[in-house]
file query-v8.cif (mmCIF, C-alpha atoms (C1' of nucleotides))
data_run
loop_
_atom_site.label_atom_id
_atom_site.label_comp_id
_atom_site.auth_asym_id
_atom_site.auth_seq_id
_atom_site.Cartn_x
_atom_site.Cartn_y
_atom_site.Cartn_z
CA MET I 1 0.00 0.00 0.00
CA PHE I 2 2.80 2.40 0.88
CA THR I 3 4.61 1.69 -2.36
CA ASP I 4 1.47 2.10 -4.44
CA ARG I 5 -0.12 5.15 -2.87
CA GLY I 6 2.80 6.75 -1.05
CA TYR I 7 3.67 6.65 2.63
CA ASP I 8 1.85 9.81 3.65
CA ALA I 9 -1.31 8.98 1.72
CA VAL I 10 -1.86 5.77 3.68
CA THR I 11 -3.13 6.26 7.22
CA VAL I 12 -2.60 3.84 10.05
CA ALA I 13 -6.36 3.31 10.02
CA ASP I 14 -6.06 2.18 6.39
CA VAL I 15 -3.38 -0.32 7.30
CA ALA I 16 -5.45 -1.59 10.21
CA GLU I 17 -8.55 -2.00 8.07
CA ALA I 18 -6.59 -3.85 5.39
CA ALA I 19 -5.25 -6.16 8.08
CA GLY I 20 -8.72 -6.69 9.52
CA VAL I 21 -7.88 -5.25 12.93
CA SER I 22 -8.39 -1.96 14.73
CA ALA I 23 -5.94 0.90 14.60
CA MET I 24 -5.14 0.35 18.26
CA THR I 25 -3.91 -3.15 17.52
CA VAL I 26 -1.47 -1.83 14.95
CA TYR I 27 0.06 0.46 17.57
CA ARG I 28 0.43 -2.45 19.95
CA HIS I 29 2.61 -4.28 17.44
CA PHE I 30 4.47 -1.32 15.93
CA PRO I 31 5.40 1.58 18.16
CA THR I 32 5.06 4.11 15.34
CA LYS I 33 3.80 4.24 11.78
CA GLU I 34 7.40 4.56 10.64
CA ASP I 35 8.25 1.18 12.14
CA LEU I 36 5.89 -0.42 9.65
CA VAL I 37 8.49 0.28 6.98
CA LEU I 38 11.85 0.52 8.73
CA ILE I 39 14.04 -2.53 8.61
CA ASP I 40 15.84 -3.09 11.86
CA GLN I 41 19.52 -3.06 11.10
CA PRO I 42 21.31 -6.21 12.15
CA ALA I 43 23.19 -4.31 14.83
CA ARG I 44 24.10 -7.38 16.82
CA LEU I 45 25.46 -9.17 13.76
CA ILE I 46 27.65 -6.23 12.82
CA ALA I 47 28.82 -5.57 16.37
CA GLU I 48 29.86 -9.17 16.80
CA ARG I 49 31.93 -9.14 13.66
CA VAL I 50 33.58 -5.90 14.70
CA ALA I 51 34.43 -7.35 18.09
CA ALA I 52 35.85 -10.46 16.45
CA SER I 53 38.15 -8.52 14.11
CA SER I 54 41.80 -7.95 14.85
CA ALA I 55 42.37 -4.97 17.12
CA THR I 56 45.62 -4.21 15.29
CA LEU I 57 43.81 -3.12 12.14
CA PRO I 58 42.67 0.47 11.65
CA VAL I 59 39.14 1.22 12.80
CA VAL I 60 37.81 1.85 9.31
CA HIS I 61 39.13 -1.54 8.20
CA ARG I 62 37.53 -3.37 11.09
CA VAL I 63 34.17 -1.65 10.70
CA GLY I 64 34.23 -1.73 6.91
CA GLY I 65 34.94 -5.44 6.85
CA ALA I 66 32.12 -6.09 9.28
CA LEU I 67 29.68 -4.10 7.17
CA VAL I 68 30.61 -5.98 4.00
CA ASP I 69 30.36 -9.30 5.81
CA ALA I 70 26.98 -8.47 7.29
CA ALA I 71 25.66 -7.38 3.91
CA THR I 72 26.91 -10.62 2.41
CA ALA I 73 25.13 -12.63 5.07
CA LEU I 74 21.92 -10.66 4.61
CA THR I 75 21.60 -10.64 0.86
CA GLY I 76 22.94 -14.08 0.11
CA GLY I 77 26.32 -12.95 -1.05
CA TYR I 78 28.06 -12.48 -4.36
CA GLY I 79 27.58 -13.91 -7.76
CA ASP I 80 24.47 -16.05 -7.71
CA GLY I 81 23.83 -14.25 -10.97
CA ASP I 82 20.06 -14.30 -10.58
CA GLY I 83 19.55 -10.70 -9.63
CA PRO I 84 17.60 -9.92 -6.48
CA VAL I 85 15.58 -12.76 -5.04
CA ALA I 86 12.14 -12.46 -3.46
CA SER I 87 13.40 -11.63 0.01
CA GLU I 88 15.52 -8.84 -1.44
CA ARG I 89 12.55 -7.34 -3.30
CA PHE I 90 10.95 -6.44 0.00
CA LEU I 91 14.18 -4.89 1.23
CA LEU I 92 14.44 -2.85 -1.94
CA ASP I 93 10.85 -1.63 -1.66
CA CYS I 94 11.45 -0.52 1.92
CA LEU I 95 14.67 1.23 0.96
CA ARG I 96 13.03 3.08 -1.87
CA LEU I 97 10.33 4.31 0.48
CA MET I 98 13.00 5.42 2.94
CA VAL I 99 14.88 7.40 0.34
CA ALA I 100 11.74 9.01 -1.02
CA THR I 101 9.97 9.88 2.25
CA PRO I 102 11.64 12.54 4.42
CA ALA I 103 10.23 11.25 7.68
CA LEU I 104 11.42 7.70 6.99
CA ARG I 105 14.78 8.85 5.71
CA ALA I 106 15.36 10.84 8.89
CA ARG I 107 14.35 7.94 11.12
CA HIS I 108 16.61 5.57 9.24
CA LEU I 109 19.57 7.90 9.56
CA ASP I 110 18.89 8.19 13.25
CA SER I 111 18.78 4.43 13.63
CA GLN I 112 22.29 4.37 12.19
CA TYR I 113 23.19 6.66 15.05
CA ALA I 114 22.21 3.90 17.45
CA LEU I 115 24.17 1.40 15.41
CA GLN I 116 27.18 3.66 15.75
CA GLN I 117 27.01 3.41 19.52
CA ALA I 118 26.76 -0.37 19.36
CA ILE I 119 29.83 -0.58 17.14
CA ALA I 120 31.77 1.77 19.38
CA ASP I 121 31.02 -0.52 22.32
CA ALA I 122 32.13 -3.54 20.30
CA LEU I 123 35.38 -1.84 19.32
CA GLY I 124 36.49 -1.06 22.83
CA ASP I 125 35.33 -4.39 24.14
CA GLY I 126 37.63 -6.04 26.62
CA THR I 127 39.91 -3.08 27.12
CA ALA I 128 39.01 -0.38 29.56
CA ASP I 129 39.36 2.73 27.44
CA PRO I 130 39.72 5.85 29.55
CA ASP I 131 41.04 7.95 26.67
CA PRO I 132 38.21 10.24 25.53
CA ASP I 133 40.22 11.41 22.56
CA ALA I 134 40.65 7.89 21.22
CA ALA I 135 36.94 7.33 21.71
CA PHE I 136 36.21 10.48 19.75
CA ARG I 137 38.44 9.40 16.88
CA ALA I 138 36.75 6.00 16.85
CA GLN I 139 33.30 7.59 16.76
CA ALA I 140 34.35 9.76 13.83
CA ALA I 141 35.69 6.81 11.88
CA ILE I 142 32.62 4.67 12.61
CA SER I 143 30.18 7.35 11.58
CA ALA I 144 32.09 7.90 8.36
CA CYS I 145 31.95 4.16 7.60
CA LEU I 146 28.22 4.06 8.23
CA ALA I 147 27.64 7.08 6.03
CA ALA I 148 29.49 5.39 3.20
CA MET I 149 27.37 2.29 3.74
CA HIS I 150 24.22 4.40 3.64
CA THR I 151 25.30 5.83 0.31
CA ALA I 152 25.76 2.28 -0.94
CA LEU I 153 22.30 1.33 0.32
CA THR I 154 20.76 4.28 -1.49
CA ARG I 155 22.58 3.40 -4.66
CA TRP I 156 21.52 -0.24 -4.32
CA ALA I 157 17.88 0.78 -4.16
CA GLU I 158 18.26 3.20 -7.05
CA GLU I 159 19.68 0.61 -9.39
CA ASP I 160 17.16 -1.94 -8.19
CA GLY I 161 19.65 -4.36 -6.71
CA ARG I 162 21.52 -5.10 -9.90
CA THR I 163 24.95 -4.83 -8.29
CA PRO I 164 25.44 -7.07 -5.23
CA LEU I 165 25.14 -4.99 -2.08
CA PRO I 166 28.44 -6.11 -0.51
CA ASP I 167 30.27 -5.01 -3.62
CA LEU I 168 28.63 -1.59 -3.54
CA ILE I 169 29.50 -1.16 0.12
CA ALA I 170 33.11 -2.14 -0.50
CA ARG I 171 33.36 0.34 -3.36
CA ALA I 172 31.82 3.12 -1.27
CA LEU I 173 34.32 2.41 1.49
CA THR I 174 37.26 2.40 -0.92
CA ALA I 175 36.09 5.66 -2.48
CA SER I 176 36.10 7.23 0.99
CA PHE I 177 39.07 5.62 2.69
CA GLY I 178 41.31 4.41 -0.12
CA ASP I 179 43.15 1.18 0.58
CA ALA I 180 42.67 1.32 4.33
CA VAL I 181 39.61 -0.91 3.90
CA PRO I 182 39.12 -4.36 2.37
CA ALA I 183 39.20 -4.10 -1.42
CA PRO I 184 35.98 -4.63 -3.40
CA GLY I 185 35.38 -7.88 -5.19
CA ARG I 186 36.56 -10.26 -2.54
CA GLN I 187 35.90 -10.99 1.07
CA ASP I 188 38.19 -11.30 4.05
CA MET C 1 11.96 26.95 27.23
CA PHE C 2 13.05 23.88 25.28
CA THR C 3 16.33 23.70 27.17
CA ASP C 4 14.63 24.10 30.53
CA ARG C 5 11.61 21.85 30.18
CA GLY C 6 12.61 19.59 27.29
CA TYR C 7 11.60 19.75 23.67
CA ASP C 8 8.62 17.41 23.90
CA ALA C 9 7.23 19.02 27.04
CA VAL C 10 6.84 22.40 25.35
CA THR C 11 3.96 22.65 22.90
CA VAL C 12 3.77 25.03 20.01
CA ALA C 13 0.90 26.72 21.82
CA ASP C 14 3.25 27.34 24.75
CA VAL C 15 5.81 28.97 22.47
CA ALA C 16 3.12 31.08 20.85
CA GLU C 17 1.75 32.23 24.17
CA ALA C 18 5.21 33.13 25.43
CA ALA C 19 5.76 35.13 22.26
CA GLY C 20 2.40 36.85 22.64
CA VAL C 21 0.99 35.55 19.38
CA SER C 22 -1.34 32.79 18.28
CA ALA C 23 -0.18 29.29 17.42
CA MET C 24 -1.10 29.90 13.80
CA THR C 25 1.37 32.75 13.59
CA VAL C 26 4.18 30.47 14.75
CA TYR C 27 3.44 28.09 11.91
CA ARG C 28 3.53 30.94 9.44
CA HIS C 29 7.10 31.75 10.43
CA PHE C 30 8.40 28.23 11.07
CA PRO C 31 7.16 25.39 8.89
CA THR C 32 7.41 22.85 11.71
CA LYS C 33 8.06 22.81 15.42
CA GLU C 34 11.44 21.27 14.71
CA ASP C 35 12.48 24.33 12.73
CA LEU C 36 12.26 26.38 15.92
CA VAL C 37 15.45 24.65 17.04
CA LEU C 38 17.26 23.51 13.90
CA ILE C 39 20.08 25.72 12.69
CA ASP C 40 20.16 25.93 8.94
CA GLN C 41 23.51 24.71 7.83
CA PRO C 42 25.46 27.20 5.78
CA ALA C 43 25.08 25.03 2.69
CA ARG C 44 25.86 27.82 0.26
CA LEU C 45 29.01 28.80 2.12
CA ILE C 46 30.31 25.25 2.12
CA ALA C 47 29.34 24.55 -1.47
CA GLU C 48 31.15 27.67 -2.65
CA ARG C 49 34.32 26.71 -0.89
CA VAL C 50 34.14 23.22 -2.34
CA ALA C 51 33.65 24.59 -5.83
CA ALA C 52 36.60 26.94 -5.34
CA SER C 53 38.98 24.17 -4.26
CA SER C 54 41.42 22.53 -6.62
CA ALA C 55 39.84 19.74 -8.62
CA THR C 56 43.11 17.82 -8.55
CA LEU C 57 42.83 17.10 -4.84
CA PRO C 58 41.00 14.03 -3.56
CA VAL C 59 37.33 14.56 -2.78
CA VAL C 60 37.73 14.09 0.96
CA HIS C 61 40.44 16.76 0.99
CA ARG C 62 38.29 19.27 -0.90
CA VAL C 63 35.21 18.68 1.22
CA GLY C 64 37.11 18.41 4.48
CA GLY C 65 38.90 21.68 3.87
CA ALA C 66 35.63 23.41 3.05
CA LEU C 67 34.04 22.12 6.25
CA VAL C 68 36.92 23.33 8.41
CA ASP C 69 36.89 26.71 6.67
CA ALA C 70 33.16 27.12 7.08
CA ALA C 71 33.37 26.22 10.76
CA THR C 72 36.14 28.77 11.19
CA ALA C 73 34.04 31.45 9.57
CA LEU C 74 31.02 30.57 11.67
CA THR C 75 32.56 30.32 15.10
CA GLY C 76 35.11 33.08 14.81
CA GLY C 77 38.08 30.84 14.27
CA TYR C 78 40.93 29.58 16.34
CA GLY C 79 42.63 30.76 19.42
CA ASP C 80 40.75 33.77 20.68
CA GLY C 81 41.23 31.99 23.96
CA ASP C 82 38.03 33.27 25.46
CA GLY C 83 35.97 30.15 25.19
CA PRO C 84 32.62 30.31 23.47
CA VAL C 85 31.16 33.76 22.95
CA ALA C 86 27.51 34.68 23.30
CA SER C 87 26.56 33.81 19.73
CA GLU C 88 28.12 30.39 20.20
CA ARG C 89 26.13 29.73 23.37
CA PHE C 90 22.94 29.66 21.36
CA LEU C 91 24.50 27.28 18.85
CA LEU C 92 25.60 25.01 21.66
CA ASP C 93 22.16 24.99 23.26
CA CYS C 94 20.57 24.06 19.95
CA LEU C 95 23.11 21.33 19.36
CA ARG C 96 22.55 19.84 22.79
CA LEU C 97 18.82 19.72 22.13
CA MET C 98 19.47 18.05 18.80
CA VAL C 99 21.64 15.36 20.30
CA ALA C 100 19.22 14.70 23.13
CA THR C 101 15.92 14.72 21.23
CA PRO C 102 15.39 11.86 18.76
CA ALA C 103 13.07 13.82 16.48
CA LEU C 104 15.49 16.73 16.22
CA ARG C 105 18.49 14.47 15.80
CA ALA C 106 16.78 12.69 12.92
CA ARG C 107 15.80 15.93 11.24
CA HIS C 108 19.31 17.30 11.58
CA LEU C 109 20.84 14.19 10.05
CA ASP C 110 18.38 14.43 7.20
CA SER C 111 19.30 18.04 6.59
CA GLN C 112 22.88 16.89 6.14
CA TYR C 113 21.49 14.69 3.42
CA ALA C 114 20.41 17.82 1.55
CA LEU C 115 23.81 19.38 2.20
CA GLN C 116 25.38 16.31 0.64
CA GLN C 117 23.49 16.92 -2.59
CA ALA C 118 24.58 20.56 -2.65
CA ILE C 119 28.22 19.58 -2.21
CA ALA C 120 27.97 16.94 -4.91
CA ASP C 121 26.68 19.59 -7.30
CA ALA C 122 29.50 21.92 -6.33
CA LEU C 123 32.09 19.19 -6.91
CA GLY C 124 31.03 18.37 -10.43
CA ASP C 125 30.49 22.01 -11.29
CA GLY C 126 31.68 23.05 -14.71
CA THR C 127 32.37 19.58 -16.02
CA ALA C 128 29.58 17.53 -17.48
CA ASP C 129 29.95 14.30 -15.53
CA PRO C 130 28.21 11.42 -17.25
CA ASP C 131 30.01 8.76 -15.20
CA PRO C 132 27.53 7.42 -12.65
CA ASP C 133 30.24 5.42 -10.93
CA ALA C 134 32.37 8.51 -10.27
CA ALA C 135 29.27 10.26 -8.95
CA PHE C 136 28.62 7.35 -6.62
CA ARG C 137 32.17 7.42 -5.29
CA ALA C 138 31.90 11.16 -4.74
CA GLN C 139 28.62 10.74 -2.86
CA ALA C 140 30.19 8.11 -0.63
CA ALA C 141 33.18 10.31 0.17
CA ILE C 142 31.01 13.37 0.83
CA SER C 143 28.65 11.52 3.14
CA ALA C 144 31.61 10.13 5.07
CA CYS C 145 33.04 13.63 5.49
CA LEU C 146 29.73 14.98 6.73
CA ALA C 147 29.36 12.12 9.18
CA ALA C 148 32.78 12.89 10.61
CA MET C 149 31.77 16.54 10.90
CA HIS C 150 28.59 15.53 12.70
CA THR C 151 30.62 13.56 15.19
CA ALA C 152 32.72 16.65 15.76
CA LEU C 153 29.60 18.77 16.26
CA THR C 154 28.28 16.31 18.81
CA ARG C 155 31.56 16.30 20.62
CA TRP C 156 31.72 20.09 20.55
CA ALA C 157 28.34 20.30 22.25
CA GLU C 158 29.28 17.63 24.78
CA GLU C 159 32.39 19.45 25.92
CA ASP C 160 30.55 22.76 25.86
CA GLY C 161 32.64 24.38 23.16
CA ARG C 162 35.93 24.22 24.99
CA THR C 163 37.86 23.00 21.95
CA PRO C 164 37.50 25.21 18.85
CA LEU C 165 35.08 23.62 16.44
CA PRO C 166 37.38 23.77 13.37
CA ASP C 167 40.01 21.87 15.30
CA LEU C 168 37.55 19.18 16.31
CA ILE C 169 36.36 18.80 12.73
CA ALA C 170 39.91 18.53 11.45
CA ARG C 171 40.70 15.87 14.02
CA ALA C 172 37.57 13.91 13.18
CA LEU C 173 38.49 14.01 9.51
CA THR C 174 42.05 12.89 10.19
CA ALA C 175 40.80 10.05 12.38
CA SER C 176 38.65 8.85 9.49
CA PHE C 177 40.76 9.56 6.42
CA GLY C 178 44.32 9.75 7.68
CA ASP C 179 46.54 12.26 5.92
CA ALA C 180 44.26 12.61 2.90
CA VAL C 181 42.68 15.64 4.56
CA PRO C 182 44.13 18.93 5.83
CA ALA C 183 45.95 18.33 9.11
CA PRO C 184 44.44 19.67 12.34
CA GLY C 185 45.86 22.78 13.91
CA ARG C 186 46.33 24.91 10.84
CA GLN C 187 44.29 26.14 7.96
CA ASP C 188 44.81 26.03 4.21
"C1'" DA Q 1 -16.05 -24.92 35.97
"C1'" DC Q 2 -12.50 -21.44 37.37
"C1'" DT Q 3 -8.61 -18.55 36.64
"C1'" DC Q 4 -5.12 -16.18 34.62
"C1'" DA Q 5 -3.02 -13.97 30.79
"C1'" DA Q 6 -2.54 -12.32 26.36
"C1'" DG Q 7 -4.57 -10.05 22.79
"C1'" DT Q 8 -8.15 -7.00 21.06
"C1'" DG Q 9 -11.75 -3.23 20.64
"C1'" DT Q 10 -13.76 1.24 22.15
"C1'" DT Q 11 -13.66 5.77 23.68
"C1'" DA Q 12 -11.86 10.02 24.75
"C1'" DG Q 13 -8.24 12.91 24.66
"C1'" DT Q 14 -3.57 15.58 23.33
"C1'" DC Q 15 -0.86 17.60 19.97
"C1'" DA Q 16 1.26 18.83 15.42
"C1'" DC Q 17 -0.27 20.69 11.41
"C1'" DT Q 18 -3.52 22.47 7.52
"C1'" DA Q 19 -7.15 25.07 5.12
"C1'" DA Q 20 -10.50 28.63 4.74
"C1'" DC Q 21 -12.12 32.75 6.14
"C1'" DA Q 22 -12.15 37.17 8.51
"C1'" DG Q 23 -10.22 41.06 10.45
"C1'" DT Q 24 -6.41 44.79 11.26
"C1'" DG Q 25 -3.05 48.12 10.43
"C1'" DC Q 26 -0.28 50.64 7.15
"C1'" DG Q 27 1.77 52.85 2.99
"C1'" DG Q 28 0.57 54.61 -1.55
"C1'" DT Q 29 -2.87 56.86 -4.64
"C1'" DA Q 30 -6.38 59.85 -6.42
"C1'" DT G 1 -9.44 62.85 3.04
"C1'" DA G 2 -11.23 58.71 1.26
"C1'" DC G 3 -9.89 54.63 -1.05
"C1'" DC G 4 -7.22 50.60 -2.23
"C1'" DG G 5 -4.10 46.87 -1.75
"C1'" DC G 6 -0.98 44.23 0.89
"C1'" DA G 7 1.27 42.02 4.57
"C1'" DC G 8 0.34 40.11 8.88
"C1'" DT G 9 -2.49 38.03 12.29
"C1'" DG G 10 -6.45 35.56 14.60
"C1'" DT G 11 -10.32 32.14 14.60
"C1'" DT G 12 -12.42 27.99 13.56
"C1'" DA G 13 -12.82 23.49 12.11
"C1'" DG G 14 -10.70 19.58 10.68
"C1'" DT G 15 -7.14 15.50 9.84
"C1'" DG G 16 -4.06 12.24 11.53
"C1'" DA G 17 -0.51 10.20 14.73
"C1'" DC G 18 -0.39 8.63 19.11
"C1'" DT G 19 -1.74 7.65 24.28
"C1'" DA G 20 -4.41 6.18 28.33
"C1'" DA G 21 -8.08 3.79 30.54
"C1'" DC G 22 -11.35 0.40 30.55
"C1'" DA G 23 -14.03 -3.60 29.03
"C1'" DC G 24 -14.20 -7.75 26.45
"C1'" DT G 25 -12.93 -12.27 24.24
"C1'" DT G 26 -10.30 -16.37 23.91
"C1'" DG G 27 -7.51 -20.15 25.00
"C1'" DA G 28 -4.40 -22.82 28.16
"C1'" DG G 29 -3.73 -24.74 32.58
"C1'" DT G 30 -5.59 -26.37 37.03
#
call {"tool": "encode", "arguments": {"input": "query-v8.cif", "output": "structure tokens"}}
result
Amino acid sequence: MFTDRGYDAVTVADVAEAAGVSAMTVYRHFPTKEDLVLIDQPARLIAERVAASSATLPVVHRVGGALVDAATALTGGYGDGDGPVASERFLLDCLRLMVATPALRARHLDSQYALQQAIADALGDGTADPDPDAAFRAQAAISACLAAMHTALTRWAEEDGRTPLPDLIARALTASFGDAVPAPGRQD
Amino acid sequence: MFTDRGYDAVTVADVAEAAGVSAMTVYRHFPTKEDLVLIDQPARLIAERVAASSATLPVVHRVGGALVDAATALTGGYGDGDGPVASERFLLDCLRLMVATPALRARHLDSQYALQQAIADALGDGTADPDPDAAFRAQAAISACLAAMHTALTRWAEEDGRTPLPDLIARALTASFGDAVPAPGRQD
DNA sequence: ACTCAAGTGTTAGTCACTAACAGTGCGGTA
DNA sequence: TACCGCACTGTTAGTGACTAACACTTGAGT
């Protein structure tokens, strides 16, 4: 319904009626109308991979690798050659809505803000880190990585999933950080 | 009022009453409640500086330099040694509200999205750029720069403006991109 | 049969925001 | 002076997201 008629033109009451329930029931399952569309980022998956990476690598390499890995796990990986599968179609529809609708776009960007905190925790895991300056530098690097990933997500939706998502993310990271991140076209 | 009682606890009717006008009048001057707090980013200023930079430099260097310059122009620059001045106090209050209030934070991040488009236009200015892949790489680099700047803004608000904003931005950029950006502590 | 719990519906209300209409004051014009 | 137009403001009524409080149904376990 959102894709056909536009996010703003569909009320929560419409969604409830189409689902055969009352509007109140919708709110009990989804805290806001925006959550009907937003895909919860696999924060735990990404944070785990960051925590598992070698602490000797630069931050952008650790985070970038985790993002590419997570995208690979989510979308089924490289080179199946079949274009997007059914489960990806839904992802693409949601992403298109997010890019096109200001309210959804803003919420999605803010959810990346939460993901940033989770990654920062995963980075410093194990070592007490009393250095606020190092924490600041890590936050900056993480947010830059996530912004590059968001650009890749947008591009992925725009070109309808033709290029595998992990490849797009790797290219976005390389365009931003040069060779300090895993190179596109292969996985670590 | 927002700082004292919290953004959500103050209604538009409250603001209107305090200003001695009707709620309708508030909406005629500010399109949304959020715009009462949001500071419009100096998009034109930044875009001009990007367009004026040397096209032979890497994208992150051009954008990063423009961001540091714009911050210098806005906050009065380095080393006056007096801490934040009165005009900066208001900026800091707004920033704190933005970081603390989810709705404002989301809107602010989305406004950076618009800034990203403006910078992308400024980058490709003059040269017809039919290469969608180069445009994608530029978008990725720009968004990463802006994310680093946002981290610096957040940090600036957290430490109450003690460190000069241009310095924080330069350090955030260096933490993300290494020596591909202007070094902190001096200006180009 | 009784009970508890989870899920659902209803109602009334708050608040952001919009549209349509009606003043009100003020400078320029004849 | 009388008139006109324009910018600004207020009022009213309405939509839609979202919340709180309360009553109801249903199904599982005892």
call {"tool": "residues_around", "arguments": {"input": "query-v8.cif", "residues": "region 102-114 of chain C", "least_positions_apart": "2", "cutoff": "7 Å", "atoms": "only C-alpha atoms (C1' of nucleotides)", "output": "number ranges by chain"}}
result
I: 105-107, 109-110; C: 34, 38, 98-100, 116-118
call {"tool": "closest_residue", "arguments": {"input": "query-v8.cif", "among": "Q:DG27, Q:DC15, Q:DA22, Q:DG9", "to": "DC22 (chain G)", "atoms": "only C-alpha atoms (C1' of nucleotides)"}}
result
Q:DG9
call {"tool": "resolve_selection", "arguments": {"input": "query-v8.cif", "expression": "the PyMOL selection byres ((chain I) within 7 of (chain C))", "output": "tab-separated table (two decimals) with C-alpha atoms, in the coordinates of the input"}}
result
chain	number	residue	atom	x	y	z
I	105	ARG	CA	14.78	8.85	5.71
I	106	ALA	CA	15.36	10.84	8.89
I	107	ARG	CA	14.35	7.94	11.12
I	109	LEU	CA	19.57	7.90	9.56
I	110	ASP	CA	18.89	8.19	13.25
I	137	ARG	CA	38.44	9.40	16.88
I	139	GLN	CA	33.30	7.59	16.76
I	140	ALA	CA	34.35	9.76	13.83
I	141	ALA	CA	35.69	6.81	11.88
I	143	SER	CA	30.18	7.35	11.58
I	144	ALA	CA	32.09	7.90	8.36
I	145	CYS	CA	31.95	4.16	7.60
I	147	ALA	CA	27.64	7.08	6.03
I	148	ALA	CA	29.49	5.39	3.20
I	151	THR	CA	25.30	5.83	0.31
I	172	ALA	CA	31.82	3.12	-1.27
I	175	ALA	CA	36.09	5.66	-2.48
I	176	SER	CA	36.10	7.23	0.99
I	177	PHE	CA	39.07	5.62	2.69
call {"tool": "interface_residues", "arguments": {"input": "query-v8.cif", "of": "chain C", "to": "chain Q", "cutoff": "10 Å", "atoms": "all atoms listed in the file", "output": "ChimeraX atom specification"}}
result
/C:11-13,24,27,31-33
call {"tool": "atom_distance", "arguments": {"input": "query-v8.cif", "atom1": "CA of Gly6 (chain I)", "atom2": "CA of Leu74 (chain I)"}}
result
26.5 Å
call {"tool": "closest_atom_pairs", "arguments": {"input": "query-v8.cif", "of": "chain C", "to": "chain G", "cutoff": "12 Å", "atoms": "all atoms listed in the file", "output": "tab-separated table"}}
result
residue	atom	partner	partner_atom	distance
C:Gly20	CA	G:DT9	C1'	11.5
C:Val21	CA	G:DT9	C1'	8.3
C:Ser22	CA	G:DG10	C1'	6.9
C:Ala23	CA	G:DG10	C1'	9.3
C:Met24	CA	G:DG10	C1'	7.8
C:Thr25	CA	G:DT9	C1'	6.7
C:Val26	CA	G:DT9	C1'	10.4
C:Tyr27	CA	G:DT9	C1'	11.6
C:Arg28	CA	G:DC8	C1'	9.7
C:His29	CA	G:DC8	C1'	10.9
call {"tool": "residues_around", "arguments": {"input": "query-v8.cif", "residues": "Leu67 (chain C)", "least_positions_apart": "2", "cutoff": "9 Å", "atoms": "all atoms listed in the file", "output": "list of chain:residue names"}}
result
C:Ile46, C:Arg49, C:Val50, C:Arg62, C:Val63, C:Gly64, C:Gly65, C:Asp69, C:Ala70, C:Ala71, C:Thr72, C:Cys145, C:Leu146, C:Met149, C:Pro166, C:Ile169, C:Ala170
call {"tool": "atom_distance", "arguments": {"input": "query-v8.cif", "atom1": "CA of Asp160 (chain I)", "atom2": "CA of Leu91 (chain I)"}}
result
10.3 Å
call {"tool": "atom_distance", "arguments": {"input": "query-v8.cif", "atom1": "CA of Ala16 (chain C)", "atom2": "CA of Gln41 (chain C)"}}
result
25.0 Å
call {"tool": "build_atoms", "arguments": {"input": "query-v8.cif", "residues": "region 135-143 of chain C", "atoms": "N, CA, C and O atoms", "output": "PDB file, keeping the file's coordinate frame"}}
result
ATOM      1  N   ALA C 135      30.223   9.529  -9.792  1.00  0.00           N
ATOM      2  CA  ALA C 135      29.270  10.260  -8.950  1.00  0.00           C
ATOM      3  C   ALA C 135      28.996   9.477  -7.675  1.00  0.00           C
ATOM      4  O   ALA C 135      28.920  10.052  -6.586  1.00  0.00           O
ATOM      5  N   PHE C 136      28.858   8.187  -7.809  1.00  0.00           N
ATOM      6  CA  PHE C 136      28.620   7.350  -6.620  1.00  0.00           C
ATOM      7  C   PHE C 136      29.787   7.430  -5.653  1.00  0.00           C
ATOM      8  O   PHE C 136      29.599   7.599  -4.441  1.00  0.00           O
ATOM      9  N   ARG C 137      31.006   7.339  -6.189  1.00  0.00           N
ATOM     10  CA  ARG C 137      32.170   7.420  -5.290  1.00  0.00           C
ATOM     11  C   ARG C 137      32.240   8.770  -4.613  1.00  0.00           C
ATOM     12  O   ARG C 137      32.583   8.873  -3.423  1.00  0.00           O
ATOM     13  N   ALA C 138      31.885   9.828  -5.348  1.00  0.00           N
ATOM     14  CA  ALA C 138      31.900  11.160  -4.740  1.00  0.00           C
ATOM     15  C   ALA C 138      30.852  11.253  -3.627  1.00  0.00           C
ATOM     16  O   ALA C 138      31.132  11.761  -2.532  1.00  0.00           O
ATOM     17  N   GLN C 139      29.662  10.726  -3.882  1.00  0.00           N
ATOM     18  CA  GLN C 139      28.620  10.740  -2.860  1.00  0.00           C
ATOM     19  C   GLN C 139      29.085  10.021  -1.600  1.00  0.00           C
ATOM     20  O   GLN C 139      28.856  10.480  -0.471  1.00  0.00           O
ATOM     21  N   ALA C 140      29.716   8.883  -1.792  1.00  0.00           N
ATOM     22  CA  ALA C 140      30.190   8.110  -0.630  1.00  0.00           C
ATOM     23  C   ALA C 140      31.187   8.927   0.171  1.00  0.00           C
ATOM     24  O   ALA C 140      31.104   9.013   1.404  1.00  0.00           O
ATOM     25  N   ALA C 141      32.146   9.544  -0.530  1.00  0.00           N
ATOM     26  CA  ALA C 141      33.180  10.310   0.170  1.00  0.00           C
ATOM     27  C   ALA C 141      32.567  11.518   0.882  1.00  0.00           C
ATOM     28  O   ALA C 141      32.906  11.818   2.034  1.00  0.00           O
ATOM     29  N   ILE C 142      31.630  12.198   0.207  1.00  0.00           N
ATOM     30  CA  ILE C 142      31.010  13.370   0.830  1.00  0.00           C
ATOM     31  C   ILE C 142      30.248  12.972   2.086  1.00  0.00           C
ATOM     32  O   ILE C 142      30.367  13.612   3.146  1.00  0.00           O
ATOM     33  N   SER C 143      29.452  11.916   1.984  1.00  0.00           N
ATOM     34  CA  SER C 143      28.650  11.520   3.140  1.00  0.00           C
ATOM     35  C   SER C 143      29.547  11.128   4.304  1.00  0.00           C
ATOM     36  O   SER C 143      29.230  11.413   5.464  1.00  0.00           O
TER      37      SER C 143
END
